[in-house]
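One file, upload24.csv, carrying CSV, C-alpha atoms:
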chain,number,residue,atom,x,y,z
A,11,MET,CA,73.7,55.8,-21.8
A,12,TRP,CA,73.2,52.5,-23.6
A,13,ASP,CA,75.0,54.0,-26.7
A,14,LEU,CA,78.0,55.0,-24.5
A,15,ILE,CA,78.2,51.5,-23.1
A,16,GLN,CA,78.1,49.9,-26.5
A,17,SER,CA,80.6,52.3,-27.9
A,18,GLY,CA,83.2,51.2,-25.3
A,19,GLN,CA,83.7,54.6,-23.8
A,20,SER,CA,86.1,54.8,-20.8
A,21,SER,CA,84.8,54.9,-17.3
A,22,ASP,CA,85.9,58.6,-16.9
A,23,VAL,CA,83.7,59.6,-19.8
A,24,LEU,CA,80.7,57.7,-18.4
A,25,VAL,CA,81.2,59.1,-15.0
A,26,SER,CA,81.3,62.6,-16.4
A,27,TRP,CA,78.2,62.0,-18.4
A,28,LEU,CA,76.4,60.6,-15.4
A,29,LYS,CA,77.3,63.6,-13.2
A,30,ARG,CA,75.8,65.9,-15.9
A,31,MET,CA,72.6,63.9,-16.3
A,32,VAL,CA,72.0,63.0,-12.6
A,33,PRO,CA,72.8,65.6,-10.0
A,34,GLU,CA,72.4,63.0,-7.2
A,35,TYR,CA,75.2,60.8,-8.7
A,36,ILE,CA,78.1,60.0,-6.4
A,37,SER,CA,81.3,58.5,-7.8
A,38,GLU,CA,83.3,56.3,-5.5
A,39,ASN,CA,84.7,52.9,-6.7
A,40,SER,CA,82.1,52.1,-9.3
A,41,PRO,CA,81.3,54.3,-12.3
A,42,PHE,CA,77.6,53.4,-12.0
A,43,GLU,CA,76.6,54.0,-8.4
A,44,PHE,CA,73.3,55.6,-7.8
A,45,ILE,CA,72.3,56.7,-4.3
A,46,ASP,CA,68.5,56.3,-3.9
A,47,GLU,CA,67.0,59.3,-2.1
A,48,ALA,CA,63.6,57.7,-1.6
A,49,LYS,CA,62.8,54.6,0.4
A,50,SER,CA,61.2,51.7,-1.3
A,51,VAL,CA,57.8,50.7,0.0
A,52,ASN,CA,59.1,47.3,1.2
A,53,HIS,CA,62.8,47.9,1.6
A,54,VAL,CA,65.1,50.1,3.6
A,55,LYS,CA,67.2,52.8,1.9
A,56,SER,CA,70.3,51.4,0.2
A,57,PRO,CA,72.6,52.3,-2.7
A,58,ILE,CA,71.8,50.9,-6.1
A,59,VAL,CA,74.9,49.8,-8.0
A,60,LEU,CA,74.7,49.4,-11.7
A,61,GLU,CA,77.9,47.9,-13.3
A,62,PRO,CA,78.7,48.4,-16.9
A,63,LEU,CA,76.2,46.3,-18.8
A,64,VAL,CA,77.4,43.4,-21.0
A,65,LEU,CA,74.5,41.4,-22.3
A,66,SER,CA,74.4,37.6,-22.1
A,67,TRP,CA,74.8,36.0,-25.5
A,68,TYR,CA,71.5,34.2,-25.0
A,69,VAL,CA,69.2,37.1,-24.1
A,70,ASN,CA,68.7,38.3,-27.7
A,71,SER,CA,69.5,35.0,-29.5
A,72,HIS,CA,67.5,32.8,-31.8
A,73,THR,CA,67.8,30.1,-29.1
A,74,LYS,CA,65.7,32.2,-26.7
A,75,ARG,CA,63.2,32.9,-29.5
A,76,TRP,CA,62.8,29.3,-30.3
A,77,PHE,CA,62.4,28.5,-26.6
A,78,ASP,CA,59.7,31.1,-26.3
A,79,LEU,CA,57.8,29.7,-29.2
A,80,ALA,CA,58.1,26.1,-28.1
A,81,PHE,CA,57.0,26.9,-24.5
A,82,SER,CA,54.1,29.0,-25.9
A,83,LEU,CA,52.8,26.1,-28.0
A,84,ILE,CA,52.9,23.8,-24.9
A,85,VAL,CA,51.2,26.4,-22.6
A,86,THR,CA,48.5,27.7,-25.0
A,87,PRO,CA,46.0,24.8,-24.6
A,88,PHE,CA,46.1,25.1,-20.8
A,89,ALA,CA,45.8,28.9,-21.1
A,90,LEU,CA,42.7,28.5,-23.1
A,91,LEU,CA,41.2,26.1,-20.5
A,92,LEU,CA,41.8,28.7,-17.8
A,93,LEU,CA,40.5,31.6,-19.9
A,94,LEU,CA,37.2,29.8,-21.0
A,95,PRO,CA,35.5,29.9,-17.5
A,96,VAL,CA,36.7,33.5,-17.0
A,97,CYS,CA,35.1,34.5,-20.3
A,98,VAL,CA,31.9,32.9,-19.3
A,99,VAL,CA,31.8,34.5,-15.8
A,100,TYR,CA,33.2,37.9,-16.6
A,101,PRO,CA,30.1,39.5,-18.1
A,102,LEU,CA,28.3,39.0,-14.8
A,103,PHE,CA,30.9,41.2,-13.1
A,104,SER,CA,31.9,43.9,-15.6
A,105,GLY,CA,30.3,43.5,-19.1
A,106,LEU,CA,31.5,41.8,-22.3
A,107,ASP,CA,34.7,43.8,-23.1
A,108,PHE,CA,37.1,41.8,-20.9
A,109,VAL,CA,40.2,41.9,-23.2
A,110,PHE,CA,41.9,45.2,-23.6
A,111,ARG,CA,45.1,46.5,-25.1
A,112,HIS,CA,47.3,49.5,-24.4
A,113,TYR,CA,50.8,50.7,-25.4
A,114,ARG,CA,53.9,49.6,-23.6
A,115,VAL,CA,57.6,50.2,-24.3
A,116,GLY,CA,59.5,47.2,-25.7
A,117,LYS,CA,62.9,46.5,-27.2
A,118,ASN,CA,64.9,49.5,-28.4
A,119,GLY,CA,62.1,51.7,-27.0
A,120,ARG,CA,59.6,50.6,-29.7
A,121,ARG,CA,55.9,50.9,-28.6
A,122,PHE,CA,53.6,47.9,-28.9
A,123,TYR,CA,50.1,46.9,-27.9
A,124,LEU,CA,50.1,44.7,-24.8
A,125,TYR,CA,47.0,42.5,-24.3
A,126,LYS,CA,45.5,41.7,-20.9
A,127,ILE,CA,42.2,40.6,-19.3
A,128,ARG,CA,40.7,43.8,-17.8
A,129,SER,CA,40.8,43.6,-14.0
A,130,LEU,CA,40.0,47.3,-13.4
A,131,LYS,CA,36.7,49.1,-13.4
A,132,LYS,CA,35.6,50.9,-16.5
A,133,ASN,CA,35.6,54.7,-16.7
A,134,HIS,CA,37.9,55.2,-13.7
A,135,ASN,CA,39.9,58.5,-13.6
A,136,ASN,CA,42.9,57.2,-11.6
A,137,PRO,CA,46.1,57.7,-13.5
A,138,ARG,CA,47.8,55.1,-11.3
A,139,ALA,CA,45.0,52.6,-11.6
A,140,GLY,CA,46.2,49.1,-10.7
A,141,MET,CA,49.7,50.3,-10.0
A,142,VAL,CA,49.4,50.5,-6.2
A,143,LYS,CA,47.5,48.4,-3.7
A,144,GLY,CA,44.1,49.4,-2.4
A,145,ASP,CA,43.4,52.0,-5.1
A,146,GLY,CA,39.7,51.0,-5.4
A,147,THR,CA,39.8,50.6,-9.2
A,148,VAL,CA,40.1,46.8,-9.2
A,149,ILE,CA,36.9,44.8,-10.1
A,150,PRO,CA,35.7,43.2,-6.8
A,151,ILE,CA,36.2,39.5,-6.4
A,152,LEU,CA,36.9,38.6,-10.1
A,153,GLY,CA,39.4,41.4,-10.7
A,154,ASN,CA,41.4,40.4,-7.6
A,155,PHE,CA,41.3,36.7,-8.5
A,156,ILE,CA,42.6,37.1,-12.0
A,157,ARG,CA,45.3,39.5,-10.9
A,158,GLN,CA,46.5,37.2,-8.0
A,159,THR,CA,46.5,34.1,-10.3
A,160,ARG,CA,48.1,36.1,-13.2
A,161,ILE,CA,45.3,34.9,-15.5
A,162,ASP,CA,45.1,38.5,-16.7
A,163,GLU,CA,48.5,38.1,-18.3
A,164,LEU,CA,47.7,35.1,-20.4
A,165,PRO,CA,46.7,37.1,-23.5
A,166,GLN,CA,50.3,38.2,-23.7
A,167,ILE,CA,51.1,34.8,-25.2
A,168,TRP,CA,49.8,36.4,-28.4
A,169,ASN,CA,52.5,39.1,-27.8
A,170,ILE,CA,55.1,36.4,-27.6
A,171,PHE,CA,53.9,34.8,-30.9
A,172,LYS,CA,54.1,38.2,-32.5
A,173,GLY,CA,57.6,38.7,-31.3
A,174,ASP,CA,56.9,41.7,-29.1
A,175,MET,CA,57.7,39.9,-25.9
A,176,SER,CA,59.4,36.9,-24.3
A,177,TRP,CA,58.4,34.7,-21.5
A,178,VAL,CA,61.2,36.0,-19.3
A,179,GLY,CA,62.6,39.5,-19.2
A,180,PRO,CA,62.0,43.0,-17.8
A,181,ARG,CA,58.3,43.8,-17.4
A,182,PRO,CA,57.1,46.3,-20.1
A,183,GLU,CA,56.0,49.6,-18.6
A,184,GLN,CA,53.7,52.4,-19.9
A,185,LEU,CA,55.3,55.2,-22.0
A,186,ASP,CA,54.6,58.0,-19.5
A,187,PHE,CA,56.2,56.1,-16.7
A,188,VAL,CA,59.2,55.1,-18.7
A,189,THR,CA,59.8,58.7,-19.8
A,190,GLN,CA,59.7,59.9,-16.2
A,191,CYS,CA,62.1,57.2,-15.1
A,192,ILE,CA,64.6,57.9,-17.9
A,193,GLY,CA,64.4,61.6,-17.1
A,194,LYS,CA,65.5,61.0,-13.5
A,195,TYR,CA,67.7,57.9,-14.1
A,196,PRO,CA,69.0,57.6,-17.6
A,197,ALA,CA,70.4,54.1,-16.8
A,198,TYR,CA,66.7,52.9,-16.8
A,199,ASP,CA,66.8,53.0,-20.6
A,200,ALA,CA,69.3,50.1,-20.7
A,201,ARG,CA,66.5,47.6,-19.8
A,202,HIS,CA,65.1,48.2,-23.3
A,203,ALA,CA,68.1,46.5,-24.9
A,204,VAL,CA,66.1,43.2,-24.8
A,205,LYS,CA,62.5,42.1,-25.3
A,206,PRO,CA,60.3,42.6,-22.2
A,207,GLY,CA,58.9,39.5,-20.5
A,208,ILE,CA,55.8,38.2,-18.8
A,209,THR,CA,57.9,37.3,-15.7
A,210,GLY,CA,61.4,37.8,-14.6
A,211,LEU,CA,63.9,38.0,-11.7
A,212,ALA,CA,62.1,41.0,-10.3
A,213,GLN,CA,58.8,39.3,-10.2
A,214,ILE,CA,60.1,36.2,-8.3
A,215,HIS,CA,62.2,38.2,-5.9
A,216,ASN,CA,59.4,40.5,-4.9
A,217,PRO,CA,56.0,39.3,-6.2
A,218,ASN,CA,54.2,42.1,-4.4
A,219,ALA,CA,56.4,44.9,-5.7
A,220,THR,CA,54.5,48.0,-6.9
A,221,ILE,CA,55.4,50.8,-9.4
A,222,ASP,CA,57.2,52.6,-6.6
A,223,ASP,CA,59.8,49.8,-6.4
A,224,HIS,CA,61.0,50.6,-9.9
A,225,GLN,CA,64.7,51.0,-8.9
A,226,GLU,CA,64.7,47.6,-7.1
A,227,LYS,CA,63.2,46.0,-10.1
A,228,LEU,CA,65.8,47.7,-12.4
A,229,VAL,CA,68.6,46.0,-10.5
A,230,ASP,CA,67.0,42.6,-11.0
A,231,ASP,CA,66.3,43.3,-14.7
A,232,LEU,CA,69.9,44.3,-15.4
A,233,GLU,CA,71.2,41.2,-13.5
A,234,TYR,CA,69.0,39.0,-15.7
A,235,MET,CA,70.2,40.7,-18.9
A,236,ARG,CA,73.8,40.0,-17.9
A,237,THR,CA,73.3,36.4,-16.8
A,238,ALA,CA,70.4,35.0,-18.9
A,239,THR,CA,70.5,31.4,-20.0
A,240,MET,CA,67.8,28.9,-21.1
A,241,TRP,CA,68.3,27.1,-17.8
A,242,LEU,CA,67.7,30.4,-15.9
A,243,ASP,CA,64.6,31.0,-17.9
A,244,ILE,CA,63.3,27.6,-17.0
A,245,LYS,CA,64.0,28.2,-13.3
A,246,ILE,CA,62.3,31.6,-13.3
A,247,LEU,CA,59.2,30.1,-15.0
A,248,CYS,CA,59.1,27.2,-12.5
A,249,ARG,CA,59.5,29.7,-9.6
A,250,SER,CA,56.8,31.9,-11.0
A,251,LEU,CA,54.4,29.0,-11.2
A,252,GLY,CA,55.2,28.0,-7.6
A,253,ILE,CA,54.5,31.5,-6.4
A,254,ILE,CA,51.1,31.5,-8.1
A,255,ALA,CA,50.3,28.1,-6.7
A,256,LYS,CA,50.9,29.3,-3.1
A,257,LEU,CA,48.4,32.2,-3.5

If you convert what's in this file into structure tokens, what do you get?
Amino acid sequence: MWDLIQSGQSSDVLVSWLKRMVPEYISENSPFEFIDEAKSVNHVKSPIVLEPLVLSWYVNSHTKRWFDLAFSLIVTPFALLLLLPVCVVYPLFSGLDFVFRHYRVGKNGRRFYLYKIRSLKKNHNNPRAGMVKGDGTVIPILGNFIRQTRIDELPQIWNIFKGDMSWVGPRPEQLDFVTQCIGKYPAYDARHAVKPGITGLAQIHNPNATIDDHQEKLVDDLEYMRTATMWLDIKILCRSLGIIAKL
């Protein structure tokens, strides 16, 4: 779908393509109107409208990259101060191996290793571990604390320095989940036109969203990609810090 949008195809061609790819697609006034058959966990059933995607000039610019690097340099000393006590206390709860990495899908569908503080129990066999509330795989006390305060995300500053991620953007998802979403909703792949982020519009609009709210998050992600500016990034980061401070 992203290739069709970039190539400037007419709305009739896009509508025809959507009808072939998504049987549930209903065309009315907009060429990108999806009717969600399943209710979100936290929201009532409503249509999801995806307009033709035109990226903001800023979202893939050098300006955004320099902003990410500058903000990372400012934040890194404070991040290390937060991580130090966690590193000291962590072995008492769940052993020494507290940092882990696993594949996520980034810009243009490229896979990369995402780094996190491990907040889940070792050797669990839950394929949705950590993706839904109350699944029993979160390390008691410490795991909940580092997830609620988002300390588990701080190692992703290294991903930003490497160029895999940005501070603000769509959250990167695991490969299997992305494949399933694209199989059902090909428009989902459009979110991979930019670097993923640690936080974003979806995270400040619904901090308690789960994996089952992926369509709601997709709407916010595409809205950010259309309207991104440095000022919007600053506002999202400030809002994210405010949400964490209230927990």

Region 156-167 of chain A surroundings by only C-alpha atoms, 8 Å radius, close-in-sequence under 3 positions cut, as a VMD selection string:
chain A and resid 82 86 89 92 to 93 124 to 129 152 to 153 170 to 171 175 208 254 to 255 257

For a cut-off of 9 Å around (65.8, 55.5, -11.7), file coordinates, pick out all residues using all atoms listed in the file and list them as a list in words.
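Collected hits near the coordinates: Phe44, Asp46, Gln190, Cys191, Ile192, Gly193, Lys194, Tyr195, Pro196, Ala197, Tyr198, His224, Gln225 and Leu228 of chain A.
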
Counting all atoms listed in the file, closest pick from A:Tyr68, A:Trp76, A:Phe155, A:Trp168 relative to Arg111 (chain A) is A:Trp168

Which neighbours of Thr237 (chain A) fall inside 10 Å, counting only C-alpha atoms, when residues of the same chain fewer than 3 positions from it are skipped, and could you give them as a ChimeraX atom specification?
/A:64-69,232-234,242

So what do you get for CA of Asn118 (chain A) versus CA of Lys205 (chain A), distance-wise?
8.4 Å

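Here CA of Lys132 (chain A) is placed at a distance of 14.9 Å from CA of Asn154 (chain A).
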
For each of A:Gln184, A:Thr220, A:Thr239, A:Gln213, take the minimum atom-to-atom distance to Ile253 (chain A), counting all atoms listed in the file, then give the residue where this is smallest.
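Among the listed residues, the smallest separation from Ile253 (chain A) belongs to A:Gln213.
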
For Cys248 (chain A), which of A:Ala200, A:Phe187, A:Trp177, A:Phe88 is the closest residue, counting only C-alpha atoms?
A:Trp177

Atoms are missing here; could region 73-89 of chain A be completed with N, CA and C atoms and written as a CSV table (one decimal), in the coordinates of the input?
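To be explicit, this is the file written out as result.csv:
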chain,number,residue,atom,x,y,z
A,73,THR,N,68.1,31.2,-30.1
A,73,THR,CA,67.8,30.1,-29.1
A,73,THR,C,66.7,30.5,-28.2
A,74,LYS,N,66.8,31.7,-27.7
A,74,LYS,CA,65.7,32.2,-26.7
A,74,LYS,C,64.4,32.3,-27.5
A,75,ARG,N,64.4,32.8,-28.7
A,75,ARG,CA,63.2,32.9,-29.5
A,75,ARG,C,62.5,31.6,-29.7
A,76,TRP,N,63.3,30.6,-30.1
A,76,TRP,CA,62.8,29.3,-30.3
A,76,TRP,C,62.2,28.7,-29.0
A,77,PHE,N,62.9,28.9,-27.9
A,77,PHE,CA,62.4,28.5,-26.6
A,77,PHE,C,61.1,29.1,-26.3
A,78,ASP,N,60.9,30.4,-26.5
A,78,ASP,CA,59.7,31.1,-26.3
A,78,ASP,C,58.5,30.5,-27.1
A,79,LEU,N,58.8,30.3,-28.4
A,79,LEU,CA,57.8,29.7,-29.2
A,79,LEU,C,57.4,28.3,-28.8
A,80,ALA,N,58.4,27.5,-28.5
A,80,ALA,CA,58.1,26.1,-28.1
A,80,ALA,C,57.3,26.1,-26.8
A,81,PHE,N,57.7,26.9,-25.8
A,81,PHE,CA,57.0,26.9,-24.5
A,81,PHE,C,55.5,27.5,-24.7
A,82,SER,N,55.4,28.4,-25.6
A,82,SER,CA,54.1,29.0,-25.9
A,82,SER,C,53.1,27.9,-26.5
A,83,LEU,N,53.6,27.1,-27.4
A,83,LEU,CA,52.8,26.1,-28.0
A,83,LEU,C,52.4,25.1,-26.9
A,84,ILE,N,53.2,24.8,-26.0
A,84,ILE,CA,52.9,23.8,-24.9
A,84,ILE,C,51.9,24.4,-24.0
A,85,VAL,N,52.0,25.7,-23.6
A,85,VAL,CA,51.2,26.4,-22.6
A,85,VAL,C,49.8,26.8,-23.2
A,86,THR,N,49.7,27.1,-24.4
A,86,THR,CA,48.5,27.7,-25.0
A,86,THR,C,47.2,26.9,-24.7
A,87,PRO,N,47.2,25.5,-24.9
A,87,PRO,CA,46.0,24.8,-24.6
A,87,PRO,C,45.5,24.9,-23.2
A,88,PHE,N,46.5,24.9,-22.2
A,88,PHE,CA,46.1,25.1,-20.8
A,88,PHE,C,45.6,26.5,-20.5
A,89,ALA,N,46.2,27.5,-21.2
A,89,ALA,CA,45.8,28.9,-21.1
A,89,ALA,C,44.4,29.0,-21.5
